[in-house]
>>> print(open('entry-v6.cif').read())   # mmCIF, C-alpha atoms and all ligand atoms
data_protein
loop_
_atom_site.group_PDB
_atom_site.id
_atom_site.type_symbol
_atom_site.label_atom_id
_atom_site.label_comp_id
_atom_site.auth_asym_id
_atom_site.auth_seq_id
_atom_site.Cartn_x
_atom_site.Cartn_y
_atom_site.Cartn_z
ATOM 1 C CA MET A 1 -9.282 -20.745 -14.477
ATOM 2 C CA GLU A 2 -7.818 -18.465 -11.799
ATOM 3 C CA GLY A 3 -10.121 -15.588 -10.782
ATOM 4 C CA GLY A 4 -12.591 -16.694 -13.462
ATOM 5 C CA ALA A 5 -10.328 -15.448 -16.299
ATOM 6 C CA GLN A 6 -9.204 -17.528 -19.284
ATOM 7 C CA THR A 7 -5.761 -16.122 -19.974
ATOM 8 C CA TRP A 8 -2.472 -17.736 -20.913
ATOM 9 C CA HIS A 9 -0.124 -15.655 -18.748
ATOM 10 C CA TYR A 10 1.074 -18.514 -16.553
ATOM 11 C CA GLY A 11 4.090 -20.808 -16.281
ATOM 12 C CA LEU A 12 6.423 -20.597 -19.277
ATOM 13 C CA ILE A 13 4.396 -17.809 -20.902
ATOM 14 C CA ALA A 14 4.753 -15.684 -17.754
ATOM 15 C CA LYS A 15 8.468 -16.465 -17.837
ATOM 16 C CA TRP A 16 8.620 -15.371 -21.498
ATOM 17 C CA TRP A 17 6.977 -12.044 -20.586
ATOM 18 C CA ALA A 18 9.425 -11.455 -17.742
ATOM 19 C CA GLU A 19 12.430 -12.318 -19.919
ATOM 20 C CA PHE A 20 11.635 -10.703 -23.241
ATOM 21 C CA ASN A 21 8.759 -8.223 -23.111
ATOM 22 C CA ASP A 22 10.242 -5.215 -21.314
ATOM 23 C CA ASP A 23 11.010 -3.556 -24.665
ATOM 24 C CA PHE A 24 7.588 -4.270 -26.187
ATOM 25 C CA ARG A 25 5.736 -1.133 -27.461
ATOM 26 C CA PRO A 26 7.994 1.308 -25.550
ATOM 27 C CA HIS A 27 5.939 4.415 -26.453
ATOM 28 C CA GLU A 28 3.199 3.222 -24.077
ATOM 29 C CA ILE A 29 5.386 3.796 -21.014
ATOM 30 C CA PRO A 30 5.788 7.622 -21.225
ATOM 31 C CA TYR A 31 2.178 7.943 -22.413
ATOM 32 C CA PHE A 32 0.609 6.604 -19.208
ATOM 33 C CA GLN A 33 3.367 8.173 -17.107
ATOM 34 C CA ARG A 34 2.328 11.677 -18.218
ATOM 35 C CA TYR A 35 -1.195 11.099 -16.858
ATOM 36 C CA ILE A 36 0.094 9.797 -13.524
ATOM 37 C CA GLU A 37 2.492 12.723 -13.156
ATOM 38 C CA ARG A 38 -0.250 15.208 -13.997
ATOM 39 C CA ASP A 39 -2.021 15.024 -10.608
ATOM 40 C CA GLY A 40 -2.611 11.299 -10.942
ATOM 41 C CA GLU A 41 -1.165 9.675 -7.808
ATOM 42 C CA PRO A 42 -1.735 7.250 -6.336
ATOM 43 C CA ALA A 43 -2.214 5.146 -9.451
ATOM 44 C CA LEU A 44 -3.150 1.525 -10.072
ATOM 45 C CA ASP A 45 -1.718 -0.522 -12.951
ATOM 46 C CA VAL A 46 -4.513 -3.045 -13.597
ATOM 47 C CA ALA A 47 -3.163 -6.224 -15.235
ATOM 48 C CA CYS A 48 0.375 -5.052 -14.504
ATOM 49 C CA GLY A 49 1.882 -8.283 -15.815
ATOM 50 C CA THR A 50 5.580 -8.547 -15.021
ATOM 51 C CA GLY A 51 5.913 -4.797 -14.558
ATOM 52 C CA ARG A 52 6.799 -3.523 -18.033
ATOM 53 C CA LEU A 53 5.137 -0.187 -17.155
ATOM 54 C CA LEU A 54 4.974 -0.419 -13.376
ATOM 55 C CA ILE A 55 8.690 -0.840 -12.721
ATOM 56 C CA PRO A 56 9.775 2.233 -14.759
ATOM 57 C CA TYR A 57 7.125 4.250 -12.871
ATOM 58 C CA LEU A 58 8.412 3.038 -9.507
ATOM 59 C CA ARG A 59 11.944 3.831 -10.636
ATOM 60 C CA ALA A 60 10.723 7.385 -11.386
ATOM 61 C CA GLY A 61 9.450 7.639 -7.787
ATOM 62 C CA LEU A 62 5.735 7.477 -8.636
ATOM 63 C CA ASP A 63 3.220 6.019 -6.186
ATOM 64 C CA VAL A 64 1.811 3.137 -8.262
ATOM 65 C CA ASP A 65 0.325 -0.199 -7.149
ATOM 66 C CA GLY A 66 -0.216 -3.181 -9.439
ATOM 67 C CA CYS A 67 -2.648 -6.061 -9.731
ATOM 68 C CA ASP A 68 -3.078 -8.957 -12.129
ATOM 69 C CA VAL A 69 -5.192 -12.095 -12.322
ATOM 70 C CA SER A 70 -2.087 -14.260 -12.778
ATOM 71 C CA ALA A 71 -0.195 -15.095 -9.591
ATOM 72 C CA ASP A 72 2.745 -16.147 -11.803
ATOM 73 C CA MET A 73 2.945 -12.721 -13.477
ATOM 74 C CA VAL A 74 2.644 -10.960 -10.102
ATOM 75 C CA ALA A 75 5.380 -13.144 -8.555
ATOM 76 C CA LEU A 76 7.744 -12.387 -11.447
ATOM 77 C CA CYS A 77 6.905 -8.667 -11.224
ATOM 78 C CA ARG A 78 7.699 -8.730 -7.511
ATOM 79 C CA GLU A 79 11.038 -10.482 -8.168
ATOM 80 C CA LYS A 80 12.010 -7.990 -10.873
ATOM 81 C CA ALA A 81 11.099 -5.038 -8.632
ATOM 82 C CA ALA A 82 13.027 -6.532 -5.687
ATOM 83 C CA ARG A 83 16.150 -6.868 -7.853
ATOM 84 C CA GLU A 84 16.057 -3.054 -8.089
ATOM 85 C CA GLY A 85 15.366 -2.601 -4.375
ATOM 86 C CA LEU A 86 11.698 -1.744 -5.011
ATOM 87 C CA SER A 87 8.813 -3.218 -3.011
ATOM 88 C CA PRO A 88 5.524 -2.195 -4.634
ATOM 89 C CA THR A 89 2.053 -3.103 -3.386
ATOM 90 C CA LEU A 90 0.996 -5.892 -5.740
ATOM 91 C CA PHE A 91 -2.049 -8.105 -5.511
ATOM 92 C CA VAL A 92 -3.594 -10.984 -7.427
ATOM 93 C CA GLN A 93 -7.114 -10.124 -8.586
ATOM 94 C CA ALA A 94 -9.214 -10.375 -11.721
ATOM 95 C CA MET A 95 -10.198 -6.870 -12.805
ATOM 96 C CA HIS A 96 -13.922 -7.587 -12.447
ATOM 97 C CA GLU A 97 -13.253 -8.519 -8.806
ATOM 98 C CA LEU A 98 -11.091 -5.475 -8.137
ATOM 99 C CA ASP A 99 -11.167 -4.622 -4.444
ATOM 100 C CA PRO A 100 -8.022 -2.685 -3.533
ATOM 101 C CA ALA A 101 -7.093 -1.352 -0.095
ATOM 102 C CA ARG A 102 -7.146 2.300 -1.198
ATOM 103 C CA LEU A 103 -8.697 4.604 -3.794
ATOM 104 C CA TYR A 104 -6.716 5.927 -6.755
ATOM 105 C CA ARG A 105 -6.494 9.161 -8.725
ATOM 106 C CA THR A 106 -5.527 7.207 -11.838
ATOM 107 C CA ILE A 107 -6.394 3.667 -12.871
ATOM 108 C CA PHE A 108 -4.878 2.427 -16.118
ATOM 109 C CA VAL A 109 -5.258 -0.813 -18.048
ATOM 110 C CA CYS A 110 -2.747 -1.468 -20.811
ATOM 111 C CA GLY A 111 -3.136 -4.406 -23.176
ATOM 112 C CA ALA A 112 -5.586 -6.297 -21.003
ATOM 113 C CA PHE A 113 -9.187 -5.071 -21.262
ATOM 114 C CA GLY A 114 -11.347 -7.920 -22.603
ATOM 115 C CA LEU A 115 -8.676 -10.546 -21.979
ATOM 116 C CA GLY A 116 -9.823 -13.745 -20.382
ATOM 117 C CA SER A 117 -13.164 -12.327 -19.246
ATOM 118 C CA THR A 118 -16.793 -12.451 -20.336
ATOM 119 C CA ARG A 119 -18.629 -9.378 -21.599
ATOM 120 C CA GLN A 120 -20.581 -9.233 -18.327
ATOM 121 C CA GLN A 121 -17.316 -9.300 -16.407
ATOM 122 C CA ASP A 122 -15.953 -6.469 -18.564
ATOM 123 C CA VAL A 123 -19.022 -4.368 -17.718
ATOM 124 C CA LEU A 124 -18.392 -5.154 -14.065
ATOM 125 C CA SER A 125 -14.694 -4.257 -14.371
ATOM 126 C CA LEU A 126 -15.571 -0.753 -15.556
ATOM 127 C CA ARG A 127 -17.869 -0.351 -12.561
ATOM 128 C CA ARG A 128 -15.096 -1.540 -10.244
ATOM 129 C CA PHE A 129 -12.701 0.983 -11.772
ATOM 130 C CA HIS A 130 -15.283 3.731 -11.209
ATOM 131 C CA GLU A 131 -15.853 2.680 -7.578
ATOM 132 C CA ASN A 132 -12.139 2.595 -6.845
ATOM 133 C CA LEU A 133 -11.275 6.014 -8.239
ATOM 134 C CA GLU A 134 -11.244 9.171 -6.154
ATOM 135 C CA PRO A 135 -13.690 11.892 -7.249
ATOM 136 C CA ASP A 136 -12.333 13.523 -10.431
ATOM 137 C CA GLY A 137 -10.041 10.553 -10.893
ATOM 138 C CA THR A 138 -9.032 9.347 -14.349
ATOM 139 C CA LEU A 139 -9.405 5.968 -16.006
ATOM 140 C CA LEU A 140 -7.269 5.037 -19.021
ATOM 141 C CA VAL A 141 -8.120 1.845 -20.891
ATOM 142 C CA ASP A 142 -6.722 0.793 -24.232
ATOM 143 C CA ILE A 143 -7.965 -1.765 -26.733
ATOM 144 C CA GLU A 144 -6.618 -3.175 -29.950
ATOM 145 C CA VAL A 145 -9.443 -2.637 -32.436
ATOM 146 C CA PRO A 146 -10.765 -5.861 -34.040
ATOM 147 C CA TYR A 147 -9.776 -4.720 -37.568
ATOM 148 C CA ALA A 148 -6.159 -3.943 -36.600
ATOM 149 C CA ASP A 149 -4.818 -7.337 -37.554
ATOM 150 C CA GLY A 150 -5.540 -8.708 -41.038
ATOM 151 C CA GLU A 151 -4.926 -12.300 -39.984
ATOM 152 C CA LEU A 152 -7.644 -12.082 -37.339
ATOM 153 C CA TRP A 153 -10.016 -9.847 -39.291
ATOM 154 C CA GLN A 154 -10.381 -12.364 -42.146
ATOM 155 C CA TYR A 155 -12.120 -14.796 -39.764
ATOM 156 C CA TRP A 156 -15.085 -12.452 -39.301
ATOM 157 C CA LEU A 157 -16.113 -13.812 -42.722
ATOM 158 C CA LYS A 158 -17.988 -17.114 -42.710
ATOM 159 C CA ASP A 159 -16.016 -18.728 -45.554
ATOM 160 C CA GLU A 160 -12.660 -17.897 -43.985
ATOM 161 C CA ARG A 161 -13.841 -19.110 -40.595
ATOM 162 C CA ALA A 162 -14.324 -22.573 -42.052
ATOM 163 C CA GLY A 163 -10.494 -22.753 -42.010
ATOM 164 C CA LEU A 164 -10.404 -22.625 -38.199
ATOM 165 C CA PRO A 165 -8.770 -23.867 -36.102
ATOM 166 C CA GLU A 166 -5.531 -22.806 -37.750
ATOM 167 C CA ALA A 167 -2.971 -25.539 -38.357
ATOM 168 C CA ILE A 168 -0.468 -26.222 -35.605
ATOM 169 C CA GLY A 169 2.759 -24.477 -36.618
ATOM 170 C CA ARG A 170 6.308 -24.910 -35.433
ATOM 171 C CA PRO A 171 7.555 -22.959 -32.405
ATOM 172 C CA ARG A 172 9.293 -19.789 -33.445
ATOM 173 C CA SER A 173 13.055 -19.886 -32.999
ATOM 174 C CA LEU A 174 14.209 -20.414 -29.431
ATOM 175 C CA ARG A 175 15.406 -17.433 -27.394
ATOM 176 C CA PRO A 176 18.037 -17.699 -24.660
ATOM 177 C CA ALA A 177 16.686 -16.964 -21.153
ATOM 178 C CA SER A 178 18.698 -15.639 -18.206
ATOM 179 C CA ASP A 179 18.775 -19.054 -16.445
ATOM 180 C CA GLY A 180 20.579 -20.764 -19.335
ATOM 181 C CA SER A 181 17.435 -22.355 -20.800
ATOM 182 C CA GLU A 182 15.898 -21.465 -24.170
ATOM 183 C CA LEU A 183 12.228 -20.629 -24.674
ATOM 184 C CA GLY A 184 10.034 -20.990 -27.752
ATOM 185 C CA LEU A 185 6.375 -20.126 -28.326
ATOM 186 C CA ARG A 186 3.840 -20.732 -31.041
ATOM 187 C CA SER A 187 0.237 -19.572 -31.116
ATOM 188 C CA ARG A 188 -2.778 -20.109 -33.322
ATOM 189 C CA ILE A 189 -6.369 -18.942 -33.623
ATOM 190 C CA VAL A 190 -8.750 -21.718 -32.664
ATOM 191 C CA GLU A 191 -12.155 -20.096 -32.926
ATOM 192 C CA LEU A 192 -13.751 -16.737 -33.700
ATOM 193 C CA ASP A 193 -17.390 -15.983 -32.993
ATOM 194 C CA PRO A 194 -18.386 -12.691 -34.690
ATOM 195 C CA LEU A 195 -21.795 -12.654 -33.043
ATOM 196 C CA ALA A 196 -20.291 -12.934 -29.570
ATOM 197 C CA GLN A 197 -17.291 -10.807 -30.701
ATOM 198 C CA ARG A 198 -14.876 -13.277 -29.180
ATOM 199 C CA VAL A 199 -11.709 -15.005 -30.363
ATOM 200 C CA MET A 200 -9.967 -17.972 -28.811
ATOM 201 C CA TYR A 201 -6.213 -18.442 -29.163
ATOM 202 C CA GLU A 202 -4.008 -21.332 -28.111
ATOM 203 C CA MET A 203 -0.343 -20.982 -27.186
ATOM 204 C CA HIS A 204 2.216 -23.776 -26.977
ATOM 205 C CA ALA A 205 5.364 -23.018 -24.991
ATOM 206 C CA GLU A 206 8.588 -25.050 -24.817
ATOM 207 C CA GLN A 207 11.638 -24.789 -22.601
ATOM 208 C CA TRP A 208 14.875 -26.382 -23.809
ATOM 209 C CA ARG A 209 18.247 -26.812 -22.114
ATOM 210 C CA ASP A 210 21.363 -28.102 -23.855
ATOM 211 C CA GLY A 211 19.257 -29.427 -26.738
ATOM 212 C CA VAL A 212 16.856 -31.319 -24.443
ATOM 213 C CA LEU A 213 13.159 -30.443 -24.110
ATOM 214 C CA GLU A 214 12.751 -29.721 -20.381
ATOM 215 C CA ALA A 215 9.098 -28.605 -20.256
ATOM 216 C CA GLU A 216 6.191 -27.848 -22.543
ATOM 217 C CA GLU A 217 2.817 -26.291 -21.819
ATOM 218 C CA ASP A 218 -0.393 -25.408 -23.633
ATOM 219 C CA HIS A 219 -2.539 -22.459 -22.604
ATOM 220 C CA GLY A 220 -5.659 -20.803 -23.992
ATOM 221 C CA LEU A 221 -6.573 -17.133 -24.237
ATOM 222 C CA SER A 222 -10.056 -15.850 -24.875
ATOM 223 C CA ILE A 223 -10.384 -12.208 -25.968
ATOM 224 C CA GLY A 224 -13.518 -10.067 -26.168
ATOM 225 C CA LEU A 225 -13.341 -7.905 -29.304
ATOM 226 C CA TYR A 226 -14.669 -4.382 -28.873
ATOM 227 C CA PHE A 227 -15.293 -1.453 -31.187
ATOM 228 C CA LYS A 228 -14.992 2.177 -30.128
ATOM 229 C CA ASN A 229 -18.678 3.033 -29.854
ATOM 230 C CA GLU A 230 -19.623 0.129 -27.628
ATOM 231 C CA VAL A 231 -16.809 0.873 -25.186
ATOM 232 C CA LEU A 232 -18.053 4.468 -25.062
ATOM 233 C CA LEU A 233 -21.517 3.179 -24.113
ATOM 234 C CA MET A 234 -20.086 0.774 -21.552
ATOM 235 C CA LEU A 235 -18.068 3.585 -19.939
ATOM 236 C CA GLU A 236 -21.136 5.802 -19.806
ATOM 237 C CA ARG A 237 -23.183 3.002 -18.204
ATOM 238 C CA ALA A 238 -20.448 2.511 -15.609
ATOM 239 C CA GLY A 239 -20.826 6.183 -14.622
ATOM 240 C CA PHE A 240 -17.864 7.751 -16.454
ATOM 241 C CA ALA A 241 -18.016 11.205 -18.067
ATOM 242 C CA ASP A 242 -15.982 13.442 -20.400
ATOM 243 C CA VAL A 243 -14.585 10.511 -22.346
ATOM 244 C CA VAL A 244 -11.845 11.258 -24.853
ATOM 245 C CA VAL A 245 -10.566 8.670 -27.329
ATOM 246 C CA GLN A 246 -6.956 8.959 -28.420
ATOM 247 C CA GLY A 247 -4.884 7.104 -30.985
ATOM 248 C CA ASP A 248 -2.105 4.619 -30.383
ATOM 249 C CA HIS A 249 -0.733 6.140 -27.165
ATOM 250 C CA ASN A 250 0.086 9.361 -29.000
ATOM 251 C CA ASP A 251 -2.056 12.165 -27.430
ATOM 252 C CA ALA A 252 -3.856 12.731 -30.748
ATOM 253 C CA GLU A 253 -7.534 12.120 -31.406
ATOM 254 C CA ALA A 254 -8.105 8.526 -32.554
ATOM 255 C CA THR A 255 -8.392 7.956 -36.299
ATOM 256 C CA SER A 256 -9.535 5.002 -38.410
ATOM 257 C CA ASP A 257 -5.886 4.146 -39.006
ATOM 258 C CA ASP A 258 -5.078 3.502 -35.343
ATOM 259 C CA GLY A 259 -4.707 -0.168 -34.445
ATOM 260 C CA PHE A 260 -4.846 0.645 -30.745
ATOM 261 C CA ILE A 261 -7.043 3.306 -29.177
ATOM 262 C CA VAL A 262 -7.105 4.674 -25.641
ATOM 263 C CA PHE A 263 -10.209 5.752 -23.718
ATOM 264 C CA ILE A 264 -9.614 8.461 -21.126
ATOM 265 C CA ALA A 265 -12.595 8.862 -18.833
ATOM 266 C CA LYS A 266 -13.318 10.904 -15.731
ATOM 267 C CA LYS A 267 -15.189 10.092 -12.540
ATOM 268 C CA ARG A 268 -17.303 13.180 -11.872
HETATM 269 C C1 LIG A 301 -0.682 -8.527 -22.585
HETATM 270 S S1 LIG A 301 -0.303 -8.651 -20.862
HETATM 271 C C2 LIG A 301 -0.054 -6.924 -20.467
HETATM 272 C C3 LIG A 301 0.691 -6.734 -19.178
HETATM 273 C C4 LIG A 301 1.012 -5.261 -18.857
HETATM 274 N N1 LIG A 301 -0.192 -4.461 -18.702
HETATM 275 C C5 LIG A 301 1.870 -4.681 -19.941
HETATM 276 O O1 LIG A 301 1.362 -3.846 -20.704
HETATM 277 O O2 LIG A 301 3.039 -5.065 -20.021
HETATM 278 C C6 LIG A 301 -1.914 -8.959 -20.214
HETATM 279 C C7 LIG A 301 -1.966 -9.125 -18.711
HETATM 280 O O3 LIG A 301 -3.334 -9.119 -18.337
HETATM 281 C C8 LIG A 301 -3.530 -10.066 -17.315
HETATM 282 N N2 LIG A 301 -4.953 -10.391 -17.345
HETATM 283 C C9 LIG A 301 -5.615 -11.067 -18.308
HETATM 284 N N3 LIG A 301 -6.926 -11.128 -18.020
HETATM 285 C C10 LIG A 301 -7.087 -10.454 -16.853
HETATM 286 C C11 LIG A 301 -8.216 -10.163 -16.043
HETATM 287 N N4 LIG A 301 -9.425 -10.559 -16.424
HETATM 288 N N5 LIG A 301 -8.032 -9.453 -14.907
HETATM 289 C C12 LIG A 301 -6.777 -9.026 -14.554
HETATM 290 N N6 LIG A 301 -5.663 -9.298 -15.266
HETATM 291 C C13 LIG A 301 -5.830 -9.988 -16.422
HETATM 292 C C14 LIG A 301 -2.613 -11.206 -17.704
HETATM 293 O O4 LIG A 301 -2.348 -12.061 -16.611
HETATM 294 C C15 LIG A 301 -1.393 -10.432 -18.199
HETATM 295 O O5 LIG A 301 -0.490 -10.183 -17.158
#
>>> encode(input="entry-v6.cif", output="structure tokens")
Amino acid sequence: MEGGAQTWHYGLIAKWWAEFNDDFRPHEIPYFQRYIERDGEPALDVACGTGRLLIPYLRAGLDVDGCDVSADMVALCREKAAREGLSPTLFVQAMHELDPARLYRTIFVCGAFGLGSTRQQDVLSLRRFHENLEPDGTLLVDIEVPYADGELWQYWLKDERAGLPEAIGRPRSLRPASDGSELGLRSRIVELDPLAQRVMYEMHAEQWRDGVLEAEEDHGLSIGLYFKNEVLLMLERAGFADVVVQGDHNDAEATSDDGFIVFIAKKR
């Protein structure tokens, strides 16, 4: 477990992200960009992955660094940036161990808070973000609320949970990668603990070439499930002030219908 985080973003899964995830949830990219542009440089993309957000920001000339617990994701991000003649500052670090070389006016975490870490580590991460912001700096952290996904939500109920782990399915159809191979993934929920507010997923990845299975891997992902009010308390305990909660990367106040919500907090 690299950096003390149980995440599945390694090997073939990292390759999948680099190949196919640039177009995932495109509205998130201009959302964070507006905060960086509005007096928010330098900025740090925590859990930058393979650069879905970071690379467009670099392309736009913004001063943004990136870090991620997965050396595989960081290496692929670096390669993708280099192909465009970009050479960002990237480093491999779990967010609860964040120790960058400079302070930031904006720190943002997209699709990663609670991934692979314990609750204590998440508390620590928020403190690290606070320490590594300049005075008046801004933190943006999003979460997917635990009730966003009906498949997952059913397992908060004891009777439904008896059906876990889910059955092993078939890999979804294979997708052609840029190196001539084909990649397929399948995932399942293994365990959900409502008291600990934690779910464990398993992902199976396969790489095929000319009809022959070249490689297969299994990875686990543990996710801490948070509700709005507890994140507000955690932010307050970490020293943040003036916290605003917006809906799914849309500048509007969060509502009960939002599957994702974004916390925007200030270091005063
Ligand atoms: C769903 S991907 C999101 C990547 C990127 N932020 C994006 O939106 O495209 C989650 C990323 O979080 C990273 N990650 C997971 N747990 C982490 C942790 N505890 N500290 C830092 N990075 C972590 C993974 O390696 C992966 O790159």
>>> residues_around(input="entry-v6.cif", residues="A:Val123", least_positions_apart="5", cutoff="9 Å", atoms="all atoms listed in the file", output="MDAnalysis selection string")
chainID A and resid 96 118 128 234:235 237:238
>>> write_last_selection(input="entry-v6.cif", atoms="C-alpha atoms", output="PDB file, in the coordinates of the input")
ATOM      1  CA  HIS A  96     -13.922  -7.587 -12.447  1.00  0.00           C
ATOM      2  CA  THR A 118     -16.793 -12.451 -20.336  1.00  0.00           C
ATOM      3  CA  ARG A 128     -15.096  -1.540 -10.244  1.00  0.00           C
ATOM      4  CA  MET A 234     -20.086   0.774 -21.552  1.00  0.00           C
ATOM      5  CA  LEU A 235     -18.068   3.585 -19.939  1.00  0.00           C
ATOM      6  CA  ARG A 237     -23.183   3.002 -18.204  1.00  0.00           C
ATOM      7  CA  ALA A 238     -20.448   2.511 -15.609  1.00  0.00           C
TER       8      ALA A 238
END
>>> closest_residue(input="entry-v6.cif", among="A:Ile168, A:Leu133, A:Ile223, A:Leu12", to="ligand LIG 301 (chain A)", atoms="all atoms listed in the file")
A:Ile223
>>> atom_distance(input="entry-v6.cif", atom1="atom CA of A:Leu126", atom2="atom CA of A:Glu28")
21.0 Å
>>> axis_aligned_box(input="entry-v6.cif", around="ligand LIG 301 (chain A)", padding_each_side="8 Å", output="AutoDock Vina command-line options")
--center_x -3.2 --center_y -8.0 --center_z -18.6 --size_x 28.5 --size_y 24.2 --size_z 24.0
>>> closest_residue(input="entry-v6.cif", among="A:Val199, A:Ala43, A:Val92, A:Leu139", to="A:Ala265", atoms="only C-alpha atoms")
A:Leu139
>>> residues_near_ligand(input="entry-v6.cif", ligand="ligand LIG 301 (chain A)", cutoff="9 Å", atoms="only C-alpha atoms and all ligand atoms", output="number ranges by chain")
A: 3-10, 14, 17, 21-22, 24-25, 28-29, 45-54, 67-74, 92-98, 108-118, 121-122, 125, 221-223
>>> residues_around(input="entry-v6.cif", residues="A:Pro88", least_positions_apart="6", cutoff="10 Å", atoms="all atoms listed in the file", output="CSV table (one decimal) with C-alpha atoms, in the coordinates of the input")
chain,number,residue,atom,x,y,z
A,54,LEU,CA,5.0,-0.4,-13.4
A,55,ILE,CA,8.7,-0.8,-12.7
A,58,LEU,CA,8.4,3.0,-9.5
A,63,ASP,CA,3.2,6.0,-6.2
A,64,VAL,CA,1.8,3.1,-8.3
A,65,ASP,CA,0.3,-0.2,-7.1
A,66,GLY,CA,-0.2,-3.2,-9.4
A,77,CYS,CA,6.9,-8.7,-11.2
A,78,ARG,CA,7.7,-8.7,-7.5
A,81,ALA,CA,11.1,-5.0,-8.6
A,82,ALA,CA,13.0,-6.5,-5.7
>>> resolve_selection(input="entry-v6.cif", expression="the PyMOL selection byres (((chain A and resi 186-194) around 9) and not hetatm)", output="compact mmCIF listing (two decimals) with C-alpha atoms, in the frame of the given file")
# COMPACT_ATOMS: atom_id res chain seq x y z
CA LEU A 152 -7.64 -12.08 -37.34
CA TYR A 155 -12.12 -14.80 -39.76
CA TRP A 156 -15.08 -12.45 -39.30
CA LEU A 157 -16.11 -13.81 -42.72
CA ARG A 161 -13.84 -19.11 -40.60
CA LEU A 164 -10.40 -22.62 -38.20
CA PRO A 165 -8.77 -23.87 -36.10
CA GLU A 166 -5.53 -22.81 -37.75
CA ALA A 167 -2.97 -25.54 -38.36
CA ILE A 168 -0.47 -26.22 -35.60
CA GLY A 169 2.76 -24.48 -36.62
CA ARG A 170 6.31 -24.91 -35.43
CA PRO A 171 7.56 -22.96 -32.40
CA ARG A 172 9.29 -19.79 -33.44
CA GLY A 184 10.03 -20.99 -27.75
CA LEU A 185 6.38 -20.13 -28.33
CA LEU A 195 -21.80 -12.65 -33.04
CA ALA A 196 -20.29 -12.93 -29.57
CA GLN A 197 -17.29 -10.81 -30.70
CA ARG A 198 -14.88 -13.28 -29.18
CA VAL A 199 -11.71 -15.00 -30.36
CA MET A 200 -9.97 -17.97 -28.81
CA TYR A 201 -6.21 -18.44 -29.16
CA GLU A 202 -4.01 -21.33 -28.11
CA MET A 203 -0.34 -20.98 -27.19
CA HIS A 204 2.22 -23.78 -26.98
CA ALA A 205 5.36 -23.02 -24.99
CA GLU A 206 8.59 -25.05 -24.82
CA LEU A 225 -13.34 -7.90 -29.30
>>> atom_distance(input="entry-v6.cif", atom1="atom CA of A:Glu37", atom2="atom CA of A:Ser256")
29.0 Å
>>> atom_distance(input="entry-v6.cif", atom1="atom CA of A:Arg209", atom2="atom CA of A:Ser181")
4.7 Å
>>> closest_residue(input="entry-v6.cif", among="A:Glu19, A:Glu230, A:Asp210, A:Asp257", to="A:Asp149", atoms="only C-alpha atoms")
A:Asp257
>>> residues_around(input="entry-v6.cif", residues="A:Gly40", least_positions_apart="5", cutoff="12 Å", atoms="only C-alpha atoms", output="NGL selection string")
:A and (32-35 or 62-64 or 103-108 or 133-140 or 266)
>>> resolve_selection(input="entry-v6.cif", expression="the PyMOL selection byres (((chain A and resi 261) around 6) and not hetatm)", output="list of chain:residue names")
A:Asp142, A:Ile143, A:Gln246, A:Gly247, A:Asp248, A:Phe260, A:Val262
>>> closest_residue(input="entry-v6.cif", among="A:Gly150, A:Gly11, A:Gly180, A:Gly239", to="A:Glu131", atoms="only C-alpha atoms")
A:Gly239
>>> closest_residue(input="entry-v6.cif", among="A:His249, A:Lys80, A:Lys228, A:Lys267", to="A:Pro146", atoms="all atoms listed in the file")
A:Lys228
>>> resolve_selection(input="entry-v6.cif", expression="the PyMOL selection byres (((chain A and resi 182) around 10) and not hetatm)", output="count of residues only")
21
>>> closest_residue(input="entry-v6.cif", among="A:Glu79, A:Asp99, A:Val145, A:Leu124", to="A:Gly224", atoms="all atoms listed in the file")
A:Val145
